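J.: coords.pdb (PDB, C-alpha atoms, pLDDT in the B column) pasted underneath:
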```pdb
ATOM      1  CA  GLN A 210      -1.190  13.213 -10.375  1.00 51.00           C
ATOM      2  CA  GLN A 211       0.932  15.768  -8.541  1.00 58.00           C
ATOM      3  CA  GLN A 212      -1.351  18.658  -7.757  1.00 89.00           C
ATOM      4  CA  VAL A 213       1.232  20.748  -5.892  1.00 96.00           C
ATOM      5  CA  LYS A 214       4.686  21.164  -7.408  1.00 96.00           C
ATOM      6  CA  GLN A 215       7.489  22.455  -5.186  1.00 97.00           C
ATOM      7  CA  SER A 216      10.948  23.751  -6.018  1.00 96.00           C
ATOM      8  CA  PRO A 217      13.827  23.662  -5.441  1.00 97.00           C
ATOM      9  CA  GLN A 218      14.372  20.190  -4.057  1.00 96.00           C
ATOM     10  CA  SER A 219      17.261  21.446  -1.943  1.00 97.00           C
ATOM     11  CA  LEU A 220      18.625  24.860  -1.021  1.00 97.00           C
ATOM     12  CA  ILE A 221      21.813  26.074   0.624  1.00 98.00           C
ATOM     13  CA  VAL A 222      21.804  29.597   2.052  1.00 97.00           C
ATOM     14  CA  GLN A 223      24.336  31.532   4.081  1.00 97.00           C
ATOM     15  CA  LYS A 224      23.397  32.735   7.542  1.00 97.00           C
ATOM     16  CA  GLY A 225      21.564  36.043   7.264  1.00 97.00           C
ATOM     17  CA  GLY A 226      20.494  35.400   3.689  1.00 97.00           C
ATOM     18  CA  ILE A 227      17.021  35.029   2.205  1.00 97.00           C
ATOM     19  CA  SER A 228      15.619  31.554   1.516  1.00 98.00           C
ATOM     20  CA  ILE A 229      12.944  31.327  -1.178  1.00 98.00           C
ATOM     21  CA  ILE A 230      10.844  28.243  -1.882  1.00 98.00           C
ATOM     22  CA  ASN A 231       8.243  28.132  -4.617  1.00 98.00           C
ATOM     23  CA  CYS A 232       5.076  26.120  -5.145  1.00 98.00           C
ATOM     24  CA  ALA A 233       2.506  25.861  -7.917  1.00 97.00           C
ATOM     25  CA  TYR A 234      -0.897  24.232  -7.728  1.00 96.00           C
ATOM     26  CA  GLU A 235      -3.367  22.969 -10.296  1.00 93.00           C
ATOM     27  CA  ASN A 236      -6.682  22.555  -8.489  1.00 91.00           C
ATOM     28  CA  THR A 237      -8.536  25.889  -8.483  1.00 90.00           C
ATOM     29  CA  ALA A 238     -10.782  24.587  -5.692  1.00 88.00           C
ATOM     30  CA  PHE A 239      -7.877  24.898  -3.261  1.00 90.00           C
ATOM     31  CA  ASP A 240      -8.345  27.901  -0.992  1.00 89.00           C
ATOM     32  CA  TYR A 241      -6.044  27.296   1.959  1.00 90.00           C
ATOM     33  CA  PHE A 242      -2.266  27.195   1.595  1.00 94.00           C
ATOM     34  CA  PRO A 243      -0.128  26.322   4.639  1.00 94.00           C
ATOM     35  CA  TRP A 244       3.599  25.841   4.912  1.00 96.00           C
ATOM     36  CA  TYR A 245       4.993  23.186   7.224  1.00 96.00           C
ATOM     37  CA  GLN A 246       8.488  22.773   8.669  1.00 97.00           C
ATOM     38  CA  GLN A 247       9.775  19.307   9.450  1.00 96.00           C
ATOM     39  CA  PHE A 248      12.900  18.359  11.379  1.00 95.00           C
ATOM     40  CA  PRO A 249      14.368  14.841  11.131  1.00 90.00           C
ATOM     41  CA  GLY A 250      12.383  12.353  13.195  1.00 86.00           C
ATOM     42  CA  LYS A 251       9.565  14.816  13.833  1.00 90.00           C
ATOM     43  CA  GLY A 252       6.137  15.455  12.396  1.00 93.00           C
ATOM     44  CA  PRO A 253       5.467  18.545  10.247  1.00 95.00           C
ATOM     45  CA  ALA A 254       4.780  21.719  12.206  1.00 94.00           C
ATOM     46  CA  LEU A 255       2.702  24.586  10.805  1.00 93.00           C
ATOM     47  CA  LEU A 256       4.765  27.690  10.043  1.00 95.00           C
ATOM     48  CA  ILE A 257       2.399  30.057   8.336  1.00 94.00           C
ATOM     49  CA  ALA A 258      -0.695  29.839   6.127  1.00 92.00           C
ATOM     50  CA  ILE A 259      -2.495  32.045   3.633  1.00 92.00           C
ATOM     51  CA  ARG A 260      -5.834  32.243   1.885  1.00 89.00           C
ATOM     52  CA  PRO A 261      -6.174  33.534  -1.710  1.00 88.00           C
ATOM     53  CA  ASP A 262      -8.003  36.701  -0.722  1.00 89.00           C
ATOM     54  CA  VAL A 263      -4.663  38.274   0.245  1.00 91.00           C
ATOM     55  CA  SER A 264      -1.446  38.457  -1.775  1.00 93.00           C
ATOM     56  CA  GLU A 265       1.006  38.420   1.107  1.00 95.00           C
ATOM     57  CA  LYS A 266       1.181  37.402   4.734  1.00 96.00           C
ATOM     58  CA  LYS A 267       4.074  38.012   7.078  1.00 96.00           C
ATOM     59  CA  GLU A 268       4.812  36.460  10.455  1.00 95.00           C
ATOM     60  CA  GLY A 269       8.169  37.369  11.904  1.00 96.00           C
ATOM     61  CA  ARG A 270      10.899  36.319   9.481  1.00 97.00           C
ATOM     62  CA  PHE A 271       8.486  34.232   7.390  1.00 97.00           C
ATOM     63  CA  THR A 272       6.470  35.661   4.492  1.00 97.00           C
ATOM     64  CA  ILE A 273       4.104  33.978   2.059  1.00 96.00           C
ATOM     65  CA  SER A 274       3.562  35.602  -1.322  1.00 96.00           C
ATOM     66  CA  PHE A 275       0.510  34.440  -3.253  1.00 95.00           C
ATOM     67  CA  ASN A 276      -0.312  34.893  -6.956  1.00 94.00           C
ATOM     68  CA  LYS A 277      -3.835  33.612  -7.598  1.00 93.00           C
ATOM     69  CA  SER A 278      -3.832  34.178 -11.361  1.00 93.00           C
ATOM     70  CA  ALA A 279      -0.590  32.227 -11.774  1.00 95.00           C
ATOM     71  CA  LYS A 280      -1.642  29.626  -9.191  1.00 95.00           C
ATOM     72  CA  GLN A 281       1.678  30.038  -7.437  1.00 96.00           C
ATOM     73  CA  PHE A 282       2.797  30.810  -3.910  1.00 97.00           C
ATOM     74  CA  SER A 283       6.149  31.091  -2.235  1.00 98.00           C
ATOM     75  CA  LEU A 284       7.780  31.137   1.169  1.00 98.00           C
ATOM     76  CA  HIS A 285      10.454  33.690   1.977  1.00 98.00           C
ATOM     77  CA  ILE A 286      12.621  33.234   5.066  1.00 98.00           C
ATOM     78  CA  MET A 287      14.408  36.461   5.882  1.00 97.00           C
ATOM     79  CA  ASP A 288      17.655  36.567   7.879  1.00 97.00           C
ATOM     80  CA  SER A 289      17.949  32.761   7.607  1.00 97.00           C
ATOM     81  CA  GLN A 290      19.534  31.084  10.640  1.00 97.00           C
ATOM     82  CA  PRO A 291      21.224  27.674  11.088  1.00 97.00           C
ATOM     83  CA  GLY A 292      18.245  26.673  13.252  1.00 96.00           C
ATOM     84  CA  ASP A 293      16.036  27.069  10.178  1.00 97.00           C
ATOM     85  CA  SER A 294      17.777  24.083   8.577  1.00 97.00           C
ATOM     86  CA  ALA A 295      14.934  21.636   7.992  1.00 97.00           C
ATOM     87  CA  THR A 296      12.647  20.330   5.268  1.00 97.00           C
ATOM     88  CA  TYR A 297       9.860  22.662   4.228  1.00 98.00           C
ATOM     89  CA  PHE A 298       6.607  21.534   2.644  1.00 98.00           C
ATOM     90  CA  CYS A 299       3.980  23.628   0.963  1.00 97.00           C
ATOM     91  CA  ALA A 300       0.456  22.272   1.007  1.00 96.00           C
ATOM     92  CA  ALA A 301      -3.014  23.112  -0.222  1.00 94.00           C
ATOM     93  CA  SER A 302      -6.536  22.152   0.707  1.00 90.00           C
ATOM     94  CA  ARG A 303     -10.167  23.081   0.310  1.00 85.00           C
ATOM     95  CA  SER A 304     -12.149  24.761   3.053  1.00 73.00           C
ATOM     96  CA  SER A 305     -15.251  22.673   2.525  1.00 65.00           C
ATOM     97  CA  GLY A 306     -15.960  18.978   2.550  1.00 60.00           C
ATOM     98  CA  ARG A 307     -12.933  16.769   2.885  1.00 61.00           C
ATOM     99  CA  ARG A 308     -10.131  19.028   3.995  1.00 76.00           C
ATOM    100  CA  ALA A 309      -7.253  16.804   3.036  1.00 88.00           C
ATOM    101  CA  LEU A 310      -3.899  18.483   2.665  1.00 92.00           C
ATOM    102  CA  THR A 311      -2.115  17.943  -0.640  1.00 94.00           C
ATOM    103  CA  PHE A 312       1.600  18.369  -0.038  1.00 96.00           C
ATOM    104  CA  GLY A 313       4.460  19.356  -2.273  1.00 96.00           C
ATOM    105  CA  SER A 314       7.507  17.122  -2.456  1.00 95.00           C
ATOM    106  CA  GLY A 315       9.524  19.192   0.016  1.00 97.00           C
ATOM    107  CA  THR A 316      12.592  21.424   0.034  1.00 98.00           C
ATOM    108  CA  ARG A 317      15.565  20.553   2.170  1.00 97.00           C
ATOM    109  CA  LEU A 318      17.034  23.833   3.441  1.00 98.00           C
ATOM    110  CA  GLN A 319      20.533  24.057   4.821  1.00 98.00           C
ATOM    111  CA  VAL A 320      21.635  27.357   6.349  1.00 97.00           C
ATOM    112  CA  GLN A 321      25.395  27.560   6.651  1.00 96.00           C
ATOM    113  CA  PRO A 322      26.899  29.535   9.552  1.00 92.00           C
TER
ATOM    114  CA  GLU B 154      -3.012  20.912  26.779  1.00 52.00           C
ATOM    115  CA  THR B 155      -1.258  17.952  25.189  1.00 67.00           C
ATOM    116  CA  GLY B 156      -0.452  17.743  21.512  1.00 89.00           C
ATOM    117  CA  VAL B 157      -1.024  14.889  19.108  1.00 94.00           C
ATOM    118  CA  THR B 158       0.587  11.671  20.260  1.00 95.00           C
ATOM    119  CA  GLN B 159       1.214   8.480  18.311  1.00 97.00           C
ATOM    120  CA  SER B 160       2.245   4.958  19.230  1.00 96.00           C
ATOM    121  CA  PRO B 161       4.364   3.062  18.728  1.00 97.00           C
ATOM    122  CA  THR B 162       7.332   5.189  17.664  1.00 96.00           C
ATOM    123  CA  HIS B 163       8.881   2.476  15.550  1.00 96.00           C
ATOM    124  CA  LEU B 164       7.616  -0.840  14.269  1.00 96.00           C
ATOM    125  CA  ILE B 165       9.126  -3.641  12.224  1.00 97.00           C
ATOM    126  CA  LYS B 166       6.858  -6.125  10.477  1.00 97.00           C
ATOM    127  CA  THR B 167       7.248  -8.744   7.770  1.00 97.00           C
ATOM    128  CA  ARG B 168       5.432  -8.851   4.457  1.00 97.00           C
ATOM    129  CA  GLY B 169       1.884 -10.198   4.740  1.00 97.00           C
ATOM    130  CA  GLN B 170       1.444  -9.272   8.383  1.00 98.00           C
ATOM    131  CA  GLN B 171      -1.099  -6.831   9.799  1.00 98.00           C
ATOM    132  CA  VAL B 172      -0.352  -3.697  11.823  1.00 98.00           C
ATOM    133  CA  THR B 173      -2.325  -1.255  13.981  1.00 98.00           C
ATOM    134  CA  LEU B 174      -1.090   2.267  14.628  1.00 98.00           C
ATOM    135  CA  ARG B 175      -2.639   4.536  17.247  1.00 98.00           C
ATOM    136  CA  CYS B 176      -3.189   8.260  17.566  1.00 97.00           C
ATOM    137  CA  SER B 177      -4.474  10.477  20.342  1.00 95.00           C
ATOM    138  CA  SER B 178      -5.751  13.758  19.027  1.00 90.00           C
ATOM    139  CA  GLN B 179      -5.097  17.128  20.577  1.00 85.00           C
ATOM    140  CA  SER B 180      -7.573  18.137  23.267  1.00 83.00           C
ATOM    141  CA  GLY B 181     -10.749  19.583  21.755  1.00 81.00           C
ATOM    142  CA  HIS B 182     -10.067  18.294  18.249  1.00 86.00           C
ATOM    143  CA  ASN B 183     -12.804  16.178  16.650  1.00 86.00           C
ATOM    144  CA  THR B 184     -11.175  15.439  13.302  1.00 89.00           C
ATOM    145  CA  VAL B 185      -8.284  13.092  12.648  1.00 92.00           C
ATOM    146  CA  SER B 186      -6.443  12.589   9.371  1.00 94.00           C
ATOM    147  CA  TRP B 187      -3.833   9.984   8.523  1.00 97.00           C
ATOM    148  CA  TYR B 188      -0.972  10.505   6.089  1.00 97.00           C
ATOM    149  CA  GLN B 189       1.764   8.262   4.717  1.00 98.00           C
ATOM    150  CA  GLN B 190       5.179   9.836   4.195  1.00 96.00           C
ATOM    151  CA  ALA B 191       7.658   7.796   2.194  1.00 94.00           C
ATOM    152  CA  LEU B 192      11.335   8.621   2.631  1.00 91.00           C
ATOM    153  CA  GLY B 193      12.195  11.905   0.924  1.00 89.00           C
ATOM    154  CA  GLN B 194       8.580  12.598  -0.079  1.00 92.00           C
ATOM    155  CA  GLY B 195       5.753  14.790   1.108  1.00 94.00           C
ATOM    156  CA  PRO B 196       2.945  13.248   3.153  1.00 96.00           C
ATOM    157  CA  GLN B 197       0.156  11.561   1.192  1.00 96.00           C
ATOM    158  CA  PHE B 198      -3.425  11.662   2.483  1.00 95.00           C
ATOM    159  CA  ILE B 199      -4.834   8.267   3.462  1.00 97.00           C
ATOM    160  CA  PHE B 200      -8.201   9.131   5.045  1.00 94.00           C
ATOM    161  CA  GLN B 201      -9.933  11.426   7.493  1.00 92.00           C
ATOM    162  CA  TYR B 202     -12.364  10.783  10.339  1.00 92.00           C
ATOM    163  CA  TYR B 203     -14.857  13.276  11.705  1.00 87.00           C
ATOM    164  CA  ARG B 204     -16.994  12.328  14.682  1.00 84.00           C
ATOM    165  CA  GLU B 205     -16.264   8.615  14.206  1.00 89.00           C
ATOM    166  CA  GLU B 206     -17.234   8.562  10.509  1.00 90.00           C
ATOM    167  CA  GLU B 207     -14.860   8.356   7.536  1.00 90.00           C
ATOM    168  CA  ASN B 208     -14.952  11.736   5.852  1.00 86.00           C
ATOM    169  CA  GLY B 209     -12.891  11.156   2.779  1.00 88.00           C
ATOM    170  CA  ARG B 210     -10.218   8.855   1.480  1.00 92.00           C
ATOM    171  CA  GLY B 211      -7.135   9.251  -0.638  1.00 92.00           C
ATOM    172  CA  ASN B 212      -5.786   6.882  -3.259  1.00 93.00           C
ATOM    173  CA  PHE B 213      -5.064   3.965  -0.937  1.00 96.00           C
ATOM    174  CA  PRO B 214      -6.386   0.382  -1.236  1.00 96.00           C
ATOM    175  CA  PRO B 215      -9.041  -1.054   1.114  1.00 96.00           C
ATOM    176  CA  ARG B 216      -6.418  -2.928   3.123  1.00 97.00           C
ATOM    177  CA  PHE B 217      -5.797   0.471   4.737  1.00 98.00           C
ATOM    178  CA  SER B 218      -8.643   0.974   7.199  1.00 96.00           C
ATOM    179  CA  GLY B 219      -9.289   3.106  10.228  1.00 96.00           C
ATOM    180  CA  LEU B 220     -11.400   3.838  13.240  1.00 95.00           C
ATOM    181  CA  GLN B 221     -12.168   6.850  15.355  1.00 94.00           C
ATOM    182  CA  PHE B 222     -13.373   6.416  18.913  1.00 93.00           C
ATOM    183  CA  PRO B 223     -15.800   8.545  20.967  1.00 91.00           C
ATOM    184  CA  ASN B 224     -12.852  10.310  22.621  1.00 88.00           C
ATOM    185  CA  TYR B 225     -11.659  11.179  19.069  1.00 88.00           C
ATOM    186  CA  SER B 226      -8.566   8.985  19.272  1.00 93.00           C
ATOM    187  CA  SER B 227      -7.962   6.925  16.165  1.00 96.00           C
ATOM    188  CA  GLU B 228      -6.405   3.780  14.761  1.00 97.00           C
ATOM    189  CA  LEU B 229      -4.921   3.013  11.370  1.00 98.00           C
ATOM    190  CA  ASN B 230      -4.938  -0.647  10.366  1.00 98.00           C
ATOM    191  CA  VAL B 231      -2.988  -2.046   7.448  1.00 98.00           C
ATOM    192  CA  ASN B 232      -3.542  -5.639   6.340  1.00 97.00           C
ATOM    193  CA  ALA B 233      -1.375  -7.810   4.111  1.00 97.00           C
ATOM    194  CA  LEU B 234       1.657  -5.549   4.478  1.00 98.00           C
ATOM    195  CA  GLU B 235       3.787  -4.939   1.409  1.00 97.00           C
ATOM    196  CA  LEU B 236       7.375  -3.740   1.208  1.00 97.00           C
ATOM    197  CA  ASP B 237       6.175  -0.399  -0.210  1.00 96.00           C
ATOM    198  CA  ASP B 238       4.171   0.213   2.967  1.00 97.00           C
ATOM    199  CA  SER B 239       7.443   1.069   4.702  1.00 97.00           C
ATOM    200  CA  ALA B 240       7.036   4.740   5.600  1.00 97.00           C
ATOM    201  CA  LEU B 241       6.414   7.279   8.338  1.00 97.00           C
ATOM    202  CA  TYR B 242       2.723   7.296   9.222  1.00 98.00           C
ATOM    203  CA  LEU B 243       1.501  10.641  10.456  1.00 97.00           C
ATOM    204  CA  CYS B 244      -1.655  11.463  12.318  1.00 96.00           C
ATOM    205  CA  ALA B 245      -3.017  15.002  12.300  1.00 94.00           C
ATOM    206  CA  SER B 246      -5.870  16.409  14.329  1.00 91.00           C
ATOM    207  CA  SER B 247      -7.896  19.537  13.764  1.00 86.00           C
ATOM    208  CA  PRO B 248     -10.765  21.246  15.513  1.00 80.00           C
ATOM    209  CA  TRP B 249     -13.184  21.390  12.538  1.00 68.00           C
ATOM    210  CA  THR B 250     -15.148  24.362  13.783  1.00 67.00           C
ATOM    211  CA  GLY B 251     -16.638  25.067  10.391  1.00 62.00           C
ATOM    212  CA  GLY B 252     -14.055  27.768   9.945  1.00 58.00           C
ATOM    213  CA  ARG B 253     -12.369  28.388   6.656  1.00 54.00           C
ATOM    214  CA  SER B 254      -8.971  27.208   7.747  1.00 54.00           C
ATOM    215  CA  ASP B 255      -8.927  24.645  10.495  1.00 69.00           C
ATOM    216  CA  THR B 256      -5.246  23.969  11.020  1.00 82.00           C
ATOM    217  CA  GLN B 257      -4.086  20.368  11.092  1.00 88.00           C
ATOM    218  CA  TYR B 258      -1.614  19.598  13.865  1.00 90.00           C
ATOM    219  CA  PHE B 259       0.661  16.638  13.287  1.00 94.00           C
ATOM    220  CA  GLY B 260       1.981  14.047  15.668  1.00 95.00           C
ATOM    221  CA  PRO B 261       5.586  12.782  15.571  1.00 95.00           C
ATOM    222  CA  GLY B 262       4.645   9.782  13.441  1.00 96.00           C
ATOM    223  CA  THR B 263       5.178   6.042  13.563  1.00 97.00           C
ATOM    224  CA  ARG B 264       8.070   4.686  11.502  1.00 97.00           C
ATOM    225  CA  LEU B 265       6.947   1.372   9.949  1.00 97.00           C
ATOM    226  CA  THR B 266       9.491  -0.908   8.339  1.00 97.00           C
ATOM    227  CA  VAL B 267       8.257  -3.906   6.364  1.00 97.00           C
ATOM    228  CA  LEU B 268      10.835  -6.630   5.707  1.00 96.00           C
TER
END
```
Could you express the structure from this file as structure tokens?

T.:
Amino acid sequence: QQQVKQSPQSLIVQKGGISIINCAYENTAFDYFPWYQQFPGKGPALLIAIRPDVSEKKEGRFTISFNKSAKQFSLHIMDSQPGDSATYFCAASRSSGRRALTFGSGTRLQVQP
Amino acid sequence: ETGVTQSPTHLIKTRGQQVTLRCSSQSGHNTVSWYQQALGQGPQFIFQYYREEENGRGNFPPRFSGLQFPNYSSELNVNALELDDSALYLCASSPWTGGRSDTQYFGPGTRLTVL
């Protein structure tokens, strides 16, 4: 059972463009939604995270938009740079009890110079 | 302050063998989670340890077992290895302060290949 669905599977963006990755979740008990960035041969690194009591969170060039009623959230990367080329994973978890992260399937982003 | 470290980096085993993977959590973190990441997939939760006790388990068979030590380091043991166990095994530590969003910090992983 895939509880977090992520799209697109891959994305090619020109330098300076906007990269948009979308995720949808099923479990309404989820209340913590982080995004991770993973480079080849490395572990995932936290980029930015949001809780459902806000609809948007911005940190530098990275913005999360959250739609609680639709059970969807997205990552926007503004002014995309070649160094942003990596695989991005959305995830979700509960704040109580077992706080296991449920990950999406990943989006491979390539930013062309 | 050191981050999460894992050993070994790479490992090759044959089907039926047993393997032990190790993780040192980030300083001050009392919770360790293990994830399996197959090639081209997102990480899948195996189990979590909090203060040396298992605190939840994902959909993995009992041949996947773990330990957490008093210094909060951890081991993942896999018995009777199968070809499908070939994956990147990730350890993540978090500070479980009772806060609403205790971030999990991942190590670089151990790449296990089962032949």

J.: So which residues touch Cys232 (chain A) within 6 Å, counting all atoms listed in the file, skipping near sequence neighbours fewer than 4 positions away, as a VMD selection string?

T.: chain A and resid 214 to 215 281 to 283

J.: For Gly252 (chain A), please output as a list in words all residues within 8 Å (counting all atoms listed in the file; exclusion window: fewer than 4 positions along the same chain).

T.: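 The residues satisfying every condition are Gln247 and Phe248 of chain A; Leu243, Phe259, Gly260, Pro261 and Gly262 of chain B.
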
J.: With distances taken over only C-alpha atoms, which residue among A:Asn231, A:Ser314, A:Thr237, A:Gln218 lies nearest chain B?

T.: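 Result for the nearest residue to chain B: A:Ser314.
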
J.: Using the chain letters and numbers from the file, give me the residues hit by the ChimeraX specification (/B :<12) & /A, as number ranges by chain.

T.: A: 210-215, 218-219, 239-262, 296-317

J.: To one decimal place, how far is CA of Glu205 (chain B) from CA of His163 (chain B) in Å?

T.: 25.9 Å

J.: B:Leu220, B:Val267, B:Ala233, B:Ala240: which is nearest Val185 (chain B), counting only C-alpha atoms?

T.: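 For Val185 (chain B), the nearest of the given residues is B:Leu220.
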
J.: As an exercise, work out the distance from CA of Gly219 (chain B) to CA of Gln171 (chain B) in Å and give it to one decimal place.

T.: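 These two atoms are separated by 12.9 Å.
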
J.: Report, in Å to a single decimal, how far apart CA of Ile230 (chain A) and CA of Ser274 (chain A) are.

T.: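 Interatomic distance, CA of Ser274 (chain A) to CA of Ile230 (chain A): 10.4 Å.
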
J.: With all atoms listed in the file as the counted atoms, please give the residues lying no more than 7 Å from Gly226 (chain A), apart from itself and same-chain residues fewer than 4 positions off, as number ranges by chain.

T.: A: 222, 287-289

J.: For Ser227 (chain B), find every residue with an atom within 6 Å (counting all atoms listed in the file), except residues of its own chain fewer than 5 positions away, and show them as a PDB file with C-alpha atoms, keeping the file's coordinate frame.

T.:
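around30.pdb written:
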```pdb
ATOM      1  CA  ARG B 175      -2.639   4.536  17.247  1.00 98.00           C
ATOM      2  CA  CYS B 176      -3.189   8.260  17.566  1.00 97.00           C
ATOM      3  CA  LEU B 220     -11.400   3.838  13.240  1.00 95.00           C
ATOM      4  CA  GLN B 221     -12.168   6.850  15.355  1.00 94.00           C
TER       5      GLN B 221
END
```

J.: Give me, as a list in words, all polymer residues having an atom no more than 8 Å from Ser264 (chain A), counting all atoms listed in the file and skipping those fewer than 4 positions away in the same chain.

T.: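 The neighbour list is Ser274, Phe275, Asn276 and Lys277 of chain A.
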
J.: Kindly save the residues from that selection, with C-alpha atoms included, as a compact mmCIF listing (two decimals), in the frame of the given file.

T.:
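Full text of again-v2.txt as output:
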```
# COMPACT_ATOMS: atom_id res chain seq x y z
CA SER A 274 3.56 35.60 -1.32
CA PHE A 275 0.51 34.44 -3.25
CA ASN A 276 -0.31 34.89 -6.96
CA LYS A 277 -3.84 33.61 -7.60
```

J.: Taking every listed atom of region 210-227 of chain A and adding 5 Å to each side, what centre and edge lengths in Å (one decimal) does the axis-aligned box have, as lines of an AutoDock Vina configuration file?

T.:
```
center_x = 11.5
center_y = 24.6
center_z = -1.4
size_x = 35.7
size_y = 32.8
size_z = 27.9
```

J.: Determine the residue set returned by the PyMOL selection byres ((chain B and resi 266) around 6) for the present structure, and present it as JSON, numbers by chain.

T.: {"B": [165, 239, 265, 267]}
